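Colleague: Data: start31.txt, compact mmCIF, C-alpha atoms.
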```
# COMPACT_ATOMS: atom_id res chain seq x y z
CA MET D 1 0.00 0.00 0.00
CA ARG D 2 2.74 2.42 0.99
CA THR D 3 4.78 1.73 -2.10
CA ARG D 4 1.72 2.29 -4.19
CA THR D 5 0.98 5.67 -2.68
CA GLU D 6 4.62 6.66 -3.12
CA ASP D 7 4.45 5.60 -6.76
CA LEU D 8 1.25 7.53 -7.28
CA LEU D 9 2.75 10.61 -5.69
CA THR D 10 5.80 10.24 -7.90
CA ILE D 11 3.55 10.20 -10.95
CA ARG D 12 1.43 13.06 -9.61
CA ASP D 13 4.55 15.20 -9.11
CA GLY D 14 5.93 14.34 -12.55
CA GLU D 15 9.06 12.76 -11.15
CA PRO D 16 10.90 9.94 -12.96
CA ILE D 17 9.39 6.51 -12.38
CA ASP D 18 9.79 3.06 -13.86
CA ALA D 19 7.82 2.88 -17.12
CA SER D 20 6.17 -0.43 -16.25
CA VAL D 21 4.85 0.98 -12.95
CA HIS D 22 3.59 4.04 -14.76
CA SER D 23 1.68 2.06 -17.36
CA GLN D 24 0.29 -0.28 -14.71
CA VAL D 25 -1.08 2.65 -12.74
CA LEU D 26 -2.64 4.25 -15.78
CA ALA D 27 -4.24 0.97 -16.83
CA ASP D 28 -5.84 0.34 -13.46
CA PRO D 29 -9.02 2.40 -12.81
CA GLU D 30 -8.58 2.11 -9.06
CA PHE D 31 -5.05 3.52 -9.24
CA SER D 32 -6.19 6.25 -11.62
CA GLU D 33 -8.94 7.23 -9.23
CA GLU D 34 -6.50 7.34 -6.34
CA LEU D 35 -4.14 9.44 -8.42
CA GLU D 36 -6.94 11.91 -9.06
CA ARG D 37 -7.75 11.97 -5.36
CA LEU D 38 -4.12 12.84 -4.56
CA ARG D 39 -4.18 15.63 -7.15
CA ALA D 40 -7.40 16.97 -5.70
CA ALA D 41 -6.01 16.83 -2.17
CA GLN D 42 -2.98 18.85 -3.23
CA LYS D 43 -5.16 21.38 -5.01
CA THR D 44 -7.39 21.80 -1.98
CA LEU D 45 -4.35 22.22 0.27
CA GLN D 46 -2.99 24.89 -2.06
CA GLU D 47 -6.31 26.67 -2.05
CA LEU D 48 -6.56 26.89 1.70
CA PRO D 49 -6.97 30.56 2.55
CA GLU D 50 -4.06 32.67 3.68
CA LEU D 51 -4.28 33.47 7.38
CA GLN D 52 -3.93 36.99 8.72
CA PRO D 53 -1.54 37.48 11.64
CA PRO D 54 -2.97 38.96 14.81
CA PRO D 55 -2.58 42.72 15.26
CA GLY D 56 0.28 44.15 17.29
CA VAL D 57 2.99 41.73 16.19
CA TRP D 58 4.83 44.40 14.18
CA THR D 59 5.12 46.59 17.27
CA LYS D 60 6.60 43.67 19.19
CA ILE D 61 9.06 43.00 16.37
CA LEU D 62 10.25 46.61 16.35
CA ALA D 63 10.63 46.58 20.12
CA GLU D 64 12.65 43.35 19.92
CA VAL D 65 14.91 44.71 17.19
CA GLN D 66 15.52 47.93 19.14
CA ARG D 67 16.27 45.92 22.26
CA ASP D 68 18.75 43.82 20.30
CA ASP D 69 20.32 46.96 18.84
CA ARG D 70 20.89 48.31 22.32
CA ARG D 71 22.33 44.96 23.27
CA GLU D 72 24.61 44.97 20.25
CA PRO D 73 27.68 46.52 21.91
CA LYS D 74 27.28 43.97 24.67
CA LEU D 75 27.02 41.14 22.19
CA LEU D 76 30.24 42.29 20.64
CA ARG D 77 31.66 41.73 24.08
CA HIS D 78 30.19 38.26 23.93
CA TRP D 79 33.49 36.67 24.79
CA SER D 80 33.96 33.20 26.06
CA LEU D 81 34.78 32.88 29.71
CA GLY D 82 38.34 31.86 28.81
CA SER D 83 38.84 34.96 26.68
CA ALA D 84 37.51 37.18 29.42
CA ILE D 85 39.83 35.64 31.98
CA ALA D 86 42.76 35.93 29.58
CA ALA D 87 41.91 39.58 28.96
CA GLY D 88 41.62 40.22 32.67
CA VAL D 89 44.99 38.67 33.35
CA ALA D 90 46.55 40.60 30.47
CA VAL D 91 45.20 43.94 31.72
CA LEU D 92 46.39 43.27 35.23
CA ALA D 93 49.82 42.14 34.03
CA PHE D 94 50.10 45.22 31.86
CA MET D 95 49.20 47.46 34.77
CA LEU D 96 51.78 45.90 37.05
CA ILE D 97 54.49 46.33 34.44
CA SER D 98 53.55 49.78 33.29
CA THR D 99 52.86 51.53 36.57
CA ASP D 100 54.19 55.02 36.18
CA PRO D 101 56.96 55.48 38.79
CA GLU D 102 56.11 59.18 38.98
CA MET D 103 52.53 58.39 39.83
CA PRO D 104 51.81 58.84 43.50
CA VAL D 105 50.80 55.60 45.12
CA GLN D 106 48.24 56.11 47.75
CA ILE D 107 46.10 53.12 48.49
CA GLU D 108 43.05 54.06 50.47
CA SER D 109 40.87 51.04 50.53
CA GLY D 110 37.18 51.70 50.40
CA LEU D 111 37.51 55.07 48.72
CA VAL D 112 35.69 55.47 45.49
CA VAL D 113 35.25 58.26 43.04
CA ALA D 114 31.71 59.27 42.39
CA ALA D 115 31.58 58.67 38.67
CA PRO D 116 29.74 61.26 36.66
CA GLU D 117 26.41 60.17 35.27
CA GLY D 118 27.65 60.70 31.75
CA GLY D 119 25.96 62.55 28.94
CA SER D 120 27.17 65.65 27.16
CA GLY D 121 25.88 67.91 29.92
CA VAL D 122 28.66 66.75 32.18
CA LEU D 123 31.23 67.85 29.66
CA ASP D 124 29.79 71.23 28.84
CA ALA D 125 31.82 73.24 31.32
CA VAL D 126 34.98 71.19 31.07
CA PRO D 127 38.11 73.13 30.12
CA ALA D 128 39.70 71.95 26.87
CA GLU D 129 42.79 70.56 28.61
CA GLU D 130 40.62 68.40 30.83
CA LEU D 131 38.28 67.21 28.11
CA GLY D 132 40.29 64.03 27.46
CA TYR D 133 39.88 62.61 30.91
CA ALA D 134 36.39 64.03 31.28
CA LEU D 135 35.40 61.90 28.29
CA LEU D 136 37.13 58.93 29.84
CA ALA D 137 35.29 59.60 33.09
CA ALA D 138 31.99 59.62 31.22
CA GLU D 139 32.92 56.37 29.46
CA SER D 140 33.87 54.88 32.79
CA ALA D 141 30.51 55.87 34.26
CA GLN D 142 28.76 54.30 31.29
CA LEU D 143 30.64 51.05 31.87
CA GLU D 144 29.67 51.26 35.53
CA ARG D 145 26.01 51.42 34.58
CA GLU D 146 26.44 48.56 32.14
CA LEU D 147 28.10 46.52 34.86
CA ASN D 148 25.22 47.18 37.21
CA SER D 149 22.75 46.02 34.59
CA ILE D 150 24.28 42.54 34.32
CA GLU D 151 22.30 40.01 36.24
CA TYR D 152 24.76 37.33 37.18
CA GLN D 153 24.81 34.91 40.05
CA PRO D 154 28.17 35.07 41.81
CA SER D 155 27.53 31.87 43.73
CA LEU D 156 27.49 29.85 40.51
CA THR D 157 30.70 31.14 38.96
CA ASN D 158 33.96 29.29 39.15
CA ALA D 159 36.78 30.29 41.46
CA ASP D 160 39.20 31.46 38.74
CA THR D 161 36.69 33.86 37.28
CA ALA D 162 35.65 35.09 40.67
CA THR D 163 39.30 35.73 41.55
CA ILE D 164 39.89 37.69 38.35
CA ALA D 165 36.79 39.77 39.01
CA VAL D 166 37.86 40.50 42.59
CA VAL D 167 41.37 41.48 41.48
CA LEU D 168 39.91 43.76 38.82
CA GLU D 169 37.61 45.36 41.38
CA ASP D 170 40.57 45.88 43.72
CA GLN D 171 42.55 47.49 40.93
CA ILE D 172 39.63 49.76 40.12
CA GLY D 173 39.44 50.71 43.80
CA TYR D 174 43.16 51.45 43.73
CA VAL D 175 42.80 53.71 40.70
CA ASP D 176 39.78 55.38 42.26
CA ALA D 177 41.79 56.13 45.39
CA GLN D 178 44.46 57.84 43.33
CA LEU D 179 41.86 59.82 41.45
CA THR D 180 40.26 60.94 44.73
CA TYR D 181 43.52 62.50 45.80
CA ALA D 182 44.50 63.71 42.34
CA SER D 183 44.40 67.40 43.22
CA ALA D 184 45.90 66.92 46.68
CA ASN D 185 48.79 65.13 45.04
CA ARG D 186 49.00 67.78 42.33
CA LEU D 187 48.53 65.37 39.45
CA ASP D 188 48.55 67.11 36.11
CA SER D 189 45.90 66.52 33.44
CA ARG D 190 48.09 63.94 31.62
CA GLN D 191 48.47 61.88 34.78
CA THR D 192 44.77 62.17 35.60
CA GLU D 193 43.89 61.13 32.06
CA THR D 194 46.17 58.09 32.37
CA LEU D 195 44.38 57.09 35.54
CA TRP D 196 40.97 57.46 33.93
CA ARG D 197 42.16 55.46 30.92
CA GLU D 198 43.29 52.69 33.24
CA ARG D 199 39.95 52.82 34.99
CA VAL D 200 38.10 52.51 31.68
CA ASP D 201 40.29 49.55 30.64
CA LEU D 202 39.73 47.82 33.96
CA MET D 203 36.00 48.52 33.95
CA SER D 204 35.70 47.29 30.38
CA THR D 205 37.49 44.05 31.24
CA LEU D 206 35.35 43.62 34.34
CA VAL D 207 32.20 44.05 32.27
CA ASP D 208 33.48 41.36 29.89
CA VAL D 209 34.20 39.00 32.76
CA ARG D 210 30.76 39.61 34.22
CA TYR D 211 29.12 39.01 30.84
CA ALA D 212 31.07 35.80 30.46
CA GLN D 213 29.94 34.73 33.92
CA PHE D 214 26.36 35.67 33.14
CA GLN D 215 26.39 33.78 29.87
CA GLN D 216 27.88 30.72 31.51
CA VAL D 217 25.17 30.71 34.12
CA GLY D 218 22.49 31.62 31.59
CA PHE D 219 23.26 28.82 29.17
CA MET P 1 -1.11 29.68 -2.34
CA GLY P 2 2.39 28.26 -2.03
CA ASN P 3 3.41 29.11 -5.54
CA ARG P 4 1.90 32.56 -5.40
CA MET P 5 4.69 34.35 -3.66
CA PRO P 6 3.73 37.95 -2.83
CA GLN P 7 5.66 40.54 -4.78
CA VAL P 8 7.22 43.71 -3.52
CA ASP P 9 8.82 46.68 -5.24
CA PRO P 10 12.63 46.35 -5.34
CA ALA P 11 12.81 49.89 -3.92
CA VAL P 12 11.06 48.61 -0.80
CA VAL P 13 13.66 45.85 -0.45
CA ALA P 14 16.49 48.35 -0.89
CA GLY P 15 14.90 50.71 1.61
CA ALA P 16 14.45 47.93 4.17
CA GLN P 17 18.08 46.94 3.70
CA GLN P 18 19.10 50.49 4.50
CA GLY P 19 16.98 50.53 7.62
CA ASP P 20 14.16 52.67 6.28
CA ALA P 21 11.30 52.21 8.77
CA GLU P 22 8.55 52.69 6.20
CA ALA P 23 10.08 50.13 3.84
CA GLN P 24 10.49 47.66 6.68
CA ALA P 25 6.85 48.10 7.64
CA ARG P 26 5.83 47.55 4.02
CA LEU P 27 7.91 44.36 3.89
CA TYR P 28 6.07 43.12 6.95
CA GLU P 29 2.71 44.08 5.53
CA VAL P 30 3.37 42.15 2.32
CA PHE P 31 4.99 39.01 3.73
CA ALA P 32 3.61 38.62 7.25
CA PRO P 33 0.45 36.75 6.14
CA MET P 34 2.57 34.29 4.13
CA VAL P 35 4.93 33.69 7.07
CA TYR P 36 2.09 33.39 9.55
CA THR P 37 0.18 30.98 7.31
CA VAL P 38 3.21 28.73 6.78
CA ALA P 39 3.91 28.64 10.51
CA ARG P 40 0.29 28.10 11.43
CA ARG P 41 -0.18 25.29 8.93
CA ILE P 42 3.01 23.49 9.88
CA LEU P 43 2.78 23.95 13.64
CA ALA P 44 -1.02 24.02 13.95
CA SER P 45 -0.88 26.58 16.73
CA ALA P 46 -1.79 30.24 16.55
CA VAL P 47 0.35 31.10 19.56
CA ILE P 48 3.49 29.41 18.24
CA ALA P 49 2.85 30.74 14.75
CA GLU P 50 2.82 34.25 16.19
CA ASP P 51 6.16 33.58 17.87
CA ILE P 52 7.58 32.27 14.61
CA LEU P 53 6.29 35.34 12.77
CA GLN P 54 7.94 37.59 15.31
CA GLU P 55 11.24 35.70 15.29
CA THR P 56 11.27 35.56 11.51
CA PHE P 57 10.84 39.30 11.06
CA VAL P 58 13.33 40.16 13.78
CA GLU P 59 15.83 38.12 11.78
CA VAL P 60 14.68 39.62 8.49
CA LEU P 61 15.21 43.16 9.80
CA GLN P 62 18.54 42.32 11.36
CA LYS P 63 19.89 40.43 8.35
CA ALA P 64 18.26 42.39 5.53
CA GLY P 65 21.64 43.87 4.73
CA SER P 66 23.04 40.42 4.01
CA PHE P 67 20.27 39.56 1.52
CA ARG P 68 22.08 39.45 -1.80
CA GLY P 69 19.06 39.40 -4.07
CA GLU P 70 19.91 36.08 -5.70
CA SER P 71 16.28 35.06 -5.36
CA GLU P 72 13.10 36.97 -4.62
CA ILE P 73 13.08 38.31 -1.10
CA GLY P 74 9.84 36.42 -0.42
CA PHE P 75 11.62 33.10 -0.85
CA TRP P 76 14.40 34.25 1.44
CA ILE P 77 11.88 35.28 4.10
CA ARG P 78 9.93 32.06 3.71
CA ARG P 79 13.10 30.03 4.09
CA ILE P 80 13.86 31.79 7.39
CA ALA P 81 10.32 31.08 8.57
CA VAL P 82 10.41 27.43 7.52
CA ASN P 83 13.76 26.92 9.24
CA LYS P 84 12.34 28.41 12.41
CA CYS P 85 9.31 26.12 12.21
CA LEU P 86 11.53 23.07 11.76
CA GLN P 87 13.80 24.20 14.59
CA HIS P 88 10.70 24.46 16.71
CA LEU P 89 9.63 20.94 15.79
CA ARG P 90 13.10 19.63 16.59
CA SER P 91 13.04 21.34 19.96
CA GLY P 92 10.14 19.14 21.02
CA TRP P 93 8.28 22.07 22.57
CA SER P 94 5.45 21.81 20.13
CA SER P 95 4.61 18.18 20.72
CA LYS P 96 0.91 17.63 20.65
CA ARG P 97 0.19 21.32 21.00
CA VAL P 98 -2.50 21.77 18.43
CA ASP P 99 -4.88 24.63 18.72
CA ALA P 100 -8.50 23.99 19.22
CA ASP P 101 -9.23 27.05 17.12
CA LEU P 102 -8.49 25.29 13.85
CA SER P 103 -11.41 23.02 14.38
CA ALA P 104 -13.39 24.42 17.25
CA GLN P 105 -16.84 25.86 16.97
CA ARG P 106 -17.54 24.31 13.63
CA CYS P 107 -20.71 22.41 13.16
CA PRO P 108 -22.09 20.81 10.04
CA SER P 109 -24.60 23.62 9.66
CA VAL P 110 -21.88 26.18 8.99
CA ARG P 111 -19.93 24.05 6.55
CA GLU P 112 -20.92 24.62 3.02
CA GLY P 113 -19.34 23.82 -0.32
CA ARG P 114 -15.73 24.73 -0.84
CA ILE P 115 -15.26 26.37 2.54
CA GLU P 116 -16.64 23.26 4.13
CA GLN P 117 -14.17 21.09 2.24
CA GLN P 118 -11.30 23.36 3.28
CA MET P 119 -12.31 23.25 6.91
CA VAL P 120 -12.43 19.49 6.86
CA LEU P 121 -9.01 19.36 5.28
CA GLU P 122 -7.63 21.83 7.83
CA ASP P 123 -8.94 19.64 10.60
CA ALA P 124 -7.44 16.54 9.04
CA LEU P 125 -4.13 18.32 8.54
CA ALA P 126 -4.05 19.27 12.19
CA GLU P 127 -4.54 15.61 13.09
CA LEU P 128 -1.33 14.56 11.36
CA SER P 129 1.92 14.16 13.23
CA GLU P 130 4.10 17.28 13.27
CA THR P 131 6.66 15.89 10.85
CA ALA P 132 4.03 14.55 8.48
CA ARG P 133 2.21 17.87 8.51
CA ALA P 134 5.44 19.73 7.81
CA VAL P 135 6.34 17.44 4.92
CA VAL P 136 2.87 17.68 3.38
CA TRP P 137 2.79 21.44 3.63
CA LEU P 138 6.33 22.02 2.44
CA HIS P 139 6.02 19.63 -0.49
CA ASP P 140 2.44 19.90 -1.66
CA VAL P 141 1.84 23.58 -0.97
CA GLU P 142 5.15 25.40 -0.72
CA GLY P 143 6.66 23.38 -3.54
CA TYR P 144 9.85 22.22 -1.86
CA THR P 145 11.37 19.07 -3.36
CA HIS P 146 12.01 15.96 -1.28
CA LYS P 147 15.71 16.70 -1.56
CA GLU P 148 15.23 20.21 -0.14
CA ILE P 149 12.97 18.98 2.64
CA ALA P 150 15.45 16.26 3.49
CA ARG P 151 18.26 18.81 3.70
CA MET P 152 16.23 21.12 5.93
CA MET P 153 15.14 18.30 8.20
CA GLY P 154 18.50 16.58 8.28
CA ARG P 155 16.97 13.42 6.80
CA THR P 156 17.05 11.58 3.48
CA PRO P 157 14.82 12.22 0.47
CA SER P 158 13.38 8.70 0.98
CA PHE P 159 12.30 9.74 4.47
CA SER P 160 10.49 12.75 3.03
CA LYS P 161 8.85 10.63 0.32
CA SER P 162 7.64 7.94 2.66
CA ARG P 163 6.36 10.53 5.17
CA LEU P 164 4.42 12.24 2.42
CA ALA P 165 2.89 8.95 1.28
CA ARG P 166 1.95 7.98 4.82
CA ALA P 167 0.53 11.44 5.47
CA HIS P 168 -1.72 11.20 2.41
CA GLU P 169 -2.92 7.78 3.50
CA ARG P 170 -3.72 9.19 6.92
CA LEU P 171 -5.43 12.22 5.40
CA ARG P 172 -7.53 9.95 3.26
CA ALA P 173 -8.57 7.91 6.29
CA LEU P 174 -9.42 11.04 8.27
CA LEU P 175 -11.39 12.56 5.42
CA GLU P 176 -13.30 9.35 4.79
CA ASP P 177 -14.24 9.32 8.47
CA ASP P 178 -15.57 12.81 8.13
CA PHE P 179 -18.02 12.22 5.32
CA THR P 180 -21.15 10.17 5.21
CA GLU P 181 -22.34 8.37 2.13
CA ASN P 182 -24.62 11.30 1.33
CA GLY P 183 -21.72 13.67 1.26
CA LYS P 184 -22.87 15.37 4.43
CA ILE P 185 -20.36 15.99 7.12
CA VAL P 186 -20.69 14.51 10.52
CA CYS P 187 -18.66 15.27 13.59
CA GLU P 188 -16.41 12.31 14.10
CA PRO P 189 -14.87 11.94 17.52
CA ALA P 190 -11.44 11.65 15.93
CA LEU P 191 -11.70 15.17 14.57
CA LYS P 192 -13.36 16.75 17.57
CA THR P 193 -14.99 19.33 15.40
CA CYS P 194 -18.10 19.97 17.45
```
Can the structure from this file be put into C-alpha cells for me?

Modeller:
Amino acid sequence: MRTRTEDLLTIRDGEPIDASVHSQVLADPEFSEELERLRAAQKTLQELPELQPPPGVWTKILAEVQRDDRREPKLLRHWSLGSAIAAGVAVLAFMLISTDPEMPVQIESGLVVAAPEGGSGVLDAVPAEELGYALLAAESAQLERELNSIEYQPSLTNADTATIAVVLEDQIGYVDAQLTYASANRLDSRQTETLWRERVDLMSTLVDVRYAQFQQVGF
Amino acid sequence: MGNRMPQVDPAVVAGAQQGDAEAQARLYEVFAPMVYTVARRILASAVIAEDILQETFVEVLQKAGSFRGESEIGFWIRRIAVNKCLQHLRSGWSSKRVDADLSAQRCPSVREGRIEQQMVLEDALAELSETARAVVWLHDVEGYTHKEIARMMGRTPSFSKSRLARAHERLRALLEDDFTENGKIVCEPALKTC
C-alpha cells in the first residue's frame, strides 16, 4: 500500500518513475482514481486561505529589534569565559608592568570616586585641557552602569573567574583612590587622564568577565 | 497559495536593507500573512505561529543587509520562517500542542461547499503528526522538493517521500471518516470538530 501511494505521488509530481509501474497505474481504474484523489487533495491544500496574523505583532518586532540593537555593543563583548579571563589577566599584568613610577601611590581602601552620570551635559563646562579625561570619566561611568545592569549569580561562577573579578575590582578601587587625591597630590591633566584610561580599561574588562559569567550561568 | 509568492517593489527591499522604517513596515505588511500561514499550517498553533512570525521578522530586519538578491526576497523570508518552524519541531516544545481554534466551533450547519471542504481538510491536517504535517505542507503547498525537505530536516529524500505517502494515506482515512455516504459531514470523535 505504501509503495503504491509513493508511486502515485511520484507520478502526480511528474518525477521519474519506472515505465512499467507508470503504465500499470494508468491501466488500473482504481489507481487512476486514487491518483486523481491525490491531485485533488494537493489542489485543496494549495487553495486553503491565507491566514492573517494577529494585530500588534509588528510593534513587538520593532521593540525586539531595538532591544537587540541596544544589546549589540554587549554582544560584541560576547566573549567566552576563557577569553575574558585571559583579557583580565593581560590587563592586570600590563598594569603591574607599566605603573608610572612618577605616579603617587596612595592606596586608600574603600575610597571610590563618584563617577559622573555621563551625557554631554557633564562635559559642557569642562576646560579643553581636561576634556580628554572628562570623556574617559563619562565612558567609565557608562561602563559602571552597564556593569550594574548585568544580572549574574556570583555563587554559581567558578573560582578562577571570581578571583579575576575580585582582582579587577581591587585594581579599580586602587585607581579610584588615586583619582580621589588627584588634586591633593597635584597630578597634572596627563596623569589624571592616564588614571581614567586605566579605569576605563579595567572597567571594560570587568564588564566582559561579568558578561562571560552571566552567559555561563544563563546557558 | 504556495506558488503565489507575494511581490514587492525592489525599492522597498532596498529601503528595508538600508533601515528605512517605512520600507520595513511595508515588507512586513506584504509578507507577514505568508509567514504566519506557513507557521500556522506546519505547527497548527496560533500562539506558536505568532512567535515564529515575530522571530522571523526580527531576523529579516537584522539580516536584511546580508540579503544578496539572488532570489526573490519572499523566498528568502519564507526560508527563514520554515527553518524556524523546523527548529521548533526539533526542539520538542510543540509536541501535541495543536490549537483547538483550527477546528473548534464548527458544526455541520456552517460548513458549506468549498469552505466546508477546506475546513475538513484543515482539521485533518491538524490531526497529522508534526513531521508529516510539515512534509505535506512544504512539499504539496510550498513546492519544496524531497531533496530540499530532506536537507532542511536533516533526513534523506526517501524519508520525506515515505512521510508524504503515509501522510496522504492518513489524510484519506481522516477525510473518509468525516463524510457520510450522502456527502454530508458529521462530527467524528477523531476530529473533535463539534

Colleague: Considering all atoms listed in the file, give me a table of residues in chain P that are at most 7 Å from chain D, with the closest atom pair and distance in Å for each, as a tab-separated table.

Modeller:
```
residue	atom	partner	partner_atom	distance
P:Met1	CA	D:Gln46	CA	5.2
P:Gly2	CA	D:Gln46	CA	6.3
P:Ala32	CA	D:Pro53	CA	6.9
P:Pro33	CA	D:Gln52	CA	5.1
P:Met34	CA	D:Glu50	CA	6.8
P:Tyr36	CA	D:Pro53	CA	5.9
P:Thr37	CA	D:Leu51	CA	5.1
P:Gln54	CA	D:Ile61	CA	5.6
P:Phe57	CA	D:Ile61	CA	6.7
P:Val58	CA	D:Ile61	CA	5.7
P:Gln118	CA	D:Leu48	CA	6.1
P:Asp140	CA	D:Gln42	CA	5.7
P:Val141	CA	D:Gln46	CA	5.1
P:Lys161	CA	D:Glu6	CA	6.7
P:Ser162	CA	D:Glu6	CA	6.6
P:Ala165	CA	D:Glu6	CA	5.3
P:Arg166	CA	D:Arg2	CA	6.8
```

Colleague: For the residues in that selection, give me C-alpha atoms as a short mmCIF file (atom, residue, chain, number, x, y, z; two decimals), keeping the file's coordinate frame.

Modeller:
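Ended up saving to result_14.cif:
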```cif
data_model
loop_
_atom_site.label_atom_id
_atom_site.label_comp_id
_atom_site.auth_asym_id
_atom_site.auth_seq_id
_atom_site.Cartn_x
_atom_site.Cartn_y
_atom_site.Cartn_z
CA MET P 1 -1.11 29.68 -2.34
CA GLY P 2 2.39 28.26 -2.03
CA ALA P 32 3.61 38.62 7.25
CA PRO P 33 0.45 36.75 6.14
CA MET P 34 2.57 34.29 4.13
CA TYR P 36 2.09 33.39 9.55
CA THR P 37 0.18 30.98 7.31
CA GLN P 54 7.94 37.59 15.31
CA PHE P 57 10.84 39.30 11.06
CA VAL P 58 13.33 40.16 13.78
CA GLN P 118 -11.30 23.36 3.28
CA ASP P 140 2.44 19.90 -1.66
CA VAL P 141 1.84 23.58 -0.97
CA LYS P 161 8.85 10.63 0.32
CA SER P 162 7.64 7.94 2.66
CA ALA P 165 2.89 8.95 1.28
CA ARG P 166 1.95 7.98 4.82
#
```

Colleague: If I take CA of Leu195 in chain D and CA of Val207 in chain D, how far is one from the other in Å, to one decimal?

Modeller: 18.1 Å

Colleague: Quick check, in Å to one decimal: how far apart do CA of Asn83 in chain P and CA of Arg12 in chain D lie?

Modeller: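 Between CA of Asn83 in chain P and CA of Arg12 in chain D the gap works out to 26.4 Å.
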
Colleague: To one decimal in Å, tell me the separation between CA of Arg163 in chain P and CA of Trp137 in chain P.

Modeller: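 Separating CA of Arg163 in chain P from CA of Trp137 in chain P is a distance of 11.6 Å.
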
Colleague: Given all atoms listed in the file as the basis, pick out the residue of P:Thr145, P:Ser66, P:Thr131, P:Ser71 nearest to Cys85 in chain P.

Modeller: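 Of P:Thr145, P:Ser66, P:Thr131, P:Ser71, the one nearest Cys85 in chain P, counting all atoms listed in the file, is P:Thr131.
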
Colleague: When distances are computed from only C-alpha atoms, which of P:Met119, P:Met5, P:Val13, P:Ala124 shows the smallest separation from Gly69 in chain P?

Modeller: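 Checking each of P:Met119, P:Met5, P:Val13, P:Ala124 against Gly69 in chain P, counting only C-alpha atoms, the winner is P:Val13.
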
Colleague: For Ile73 in chain P, which of P:Asp9, P:Glu169, P:Glu116, P:Glu122 is the closest residue, counting only C-alpha atoms?

Modeller: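 Residue with the minimum atom-to-atom distance to Ile73 in chain P: P:Asp9.
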
Colleague: Calculated over only C-alpha atoms, which of the candidates D:Ala40, D:Ala137, D:Leu147, D:Leu179 has the smallest distance to Arg197 in chain D?

Modeller: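 Checking each of D:Ala40, D:Ala137, D:Leu147, D:Leu179 against Arg197 in chain D, counting only C-alpha atoms, the winner is D:Ala137.
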
Colleague: For Ala134 in chain P, list every protein, DNA or RNA residue within 10 Å, evaluated using all atoms listed in the file, and leave out those in the same chain fewer than 4 positions away; present the list as a list in words.

Modeller: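 Near Ala134 in chain P, the qualifying residues are Val38, Ala39, Arg41, Ile42, Leu43, Ala44, Val82, Cys85, Leu86, Leu89, Leu125, Leu128, Ser129, Glu130, Leu138, His139, Asp140, Ile149, Met153, Ser160, Arg163, Leu164 and Ala167 of chain P.
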
Colleague: Just write the chosen residues, C-alpha atoms, as a PDB file, in the frame of the given file.

Modeller:
```
ATOM      1  CA  VAL P  38       3.210  28.730   6.780  1.00  0.00           C
ATOM      2  CA  ALA P  39       3.910  28.640  10.510  1.00  0.00           C
ATOM      3  CA  ARG P  41      -0.180  25.290   8.930  1.00  0.00           C
ATOM      4  CA  ILE P  42       3.010  23.490   9.880  1.00  0.00           C
ATOM      5  CA  LEU P  43       2.780  23.950  13.640  1.00  0.00           C
ATOM      6  CA  ALA P  44      -1.020  24.020  13.950  1.00  0.00           C
ATOM      7  CA  VAL P  82      10.410  27.430   7.520  1.00  0.00           C
ATOM      8  CA  CYS P  85       9.310  26.120  12.210  1.00  0.00           C
ATOM      9  CA  LEU P  86      11.530  23.070  11.760  1.00  0.00           C
ATOM     10  CA  LEU P  89       9.630  20.940  15.790  1.00  0.00           C
ATOM     11  CA  LEU P 125      -4.130  18.320   8.540  1.00  0.00           C
ATOM     12  CA  LEU P 128      -1.330  14.560  11.360  1.00  0.00           C
ATOM     13  CA  SER P 129       1.920  14.160  13.230  1.00  0.00           C
ATOM     14  CA  GLU P 130       4.100  17.280  13.270  1.00  0.00           C
ATOM     15  CA  LEU P 138       6.330  22.020   2.440  1.00  0.00           C
ATOM     16  CA  HIS P 139       6.020  19.630  -0.490  1.00  0.00           C
ATOM     17  CA  ASP P 140       2.440  19.900  -1.660  1.00  0.00           C
ATOM     18  CA  ILE P 149      12.970  18.980   2.640  1.00  0.00           C
ATOM     19  CA  MET P 153      15.140  18.300   8.200  1.00  0.00           C
ATOM     20  CA  SER P 160      10.490  12.750   3.030  1.00  0.00           C
ATOM     21  CA  ARG P 163       6.360  10.530   5.170  1.00  0.00           C
ATOM     22  CA  LEU P 164       4.420  12.240   2.420  1.00  0.00           C
ATOM     23  CA  ALA P 167       0.530  11.440   5.470  1.00  0.00           C
TER      24      ALA P 167
END
```

Colleague: Closest to Arg170 in chain P among P:Glu127, P:Glu29, P:Asp20, P:Asp51, using all atoms listed in the file?

Modeller: P:Glu127

Colleague: What lies within 8 Å of Glu139 in chain D using only C-alpha atoms, ignoring chain neighbours under 3 positions off, as an mmCIF file with C-alpha atoms, in the frame of the given file?

Modeller:
```cif
data_model
loop_
_atom_site.group_PDB
_atom_site.id
_atom_site.type_symbol
_atom_site.label_atom_id
_atom_site.label_comp_id
_atom_site.auth_asym_id
_atom_site.auth_seq_id
_atom_site.Cartn_x
_atom_site.Cartn_y
_atom_site.Cartn_z
ATOM 1 C CA GLY D 118 27.650 60.700 31.750
ATOM 2 C CA LEU D 135 35.400 61.900 28.290
ATOM 3 C CA LEU D 136 37.130 58.930 29.840
ATOM 4 C CA GLN D 142 28.760 54.300 31.290
ATOM 5 C CA LEU D 143 30.640 51.050 31.870
ATOM 6 C CA VAL D 200 38.100 52.510 31.680
#
```
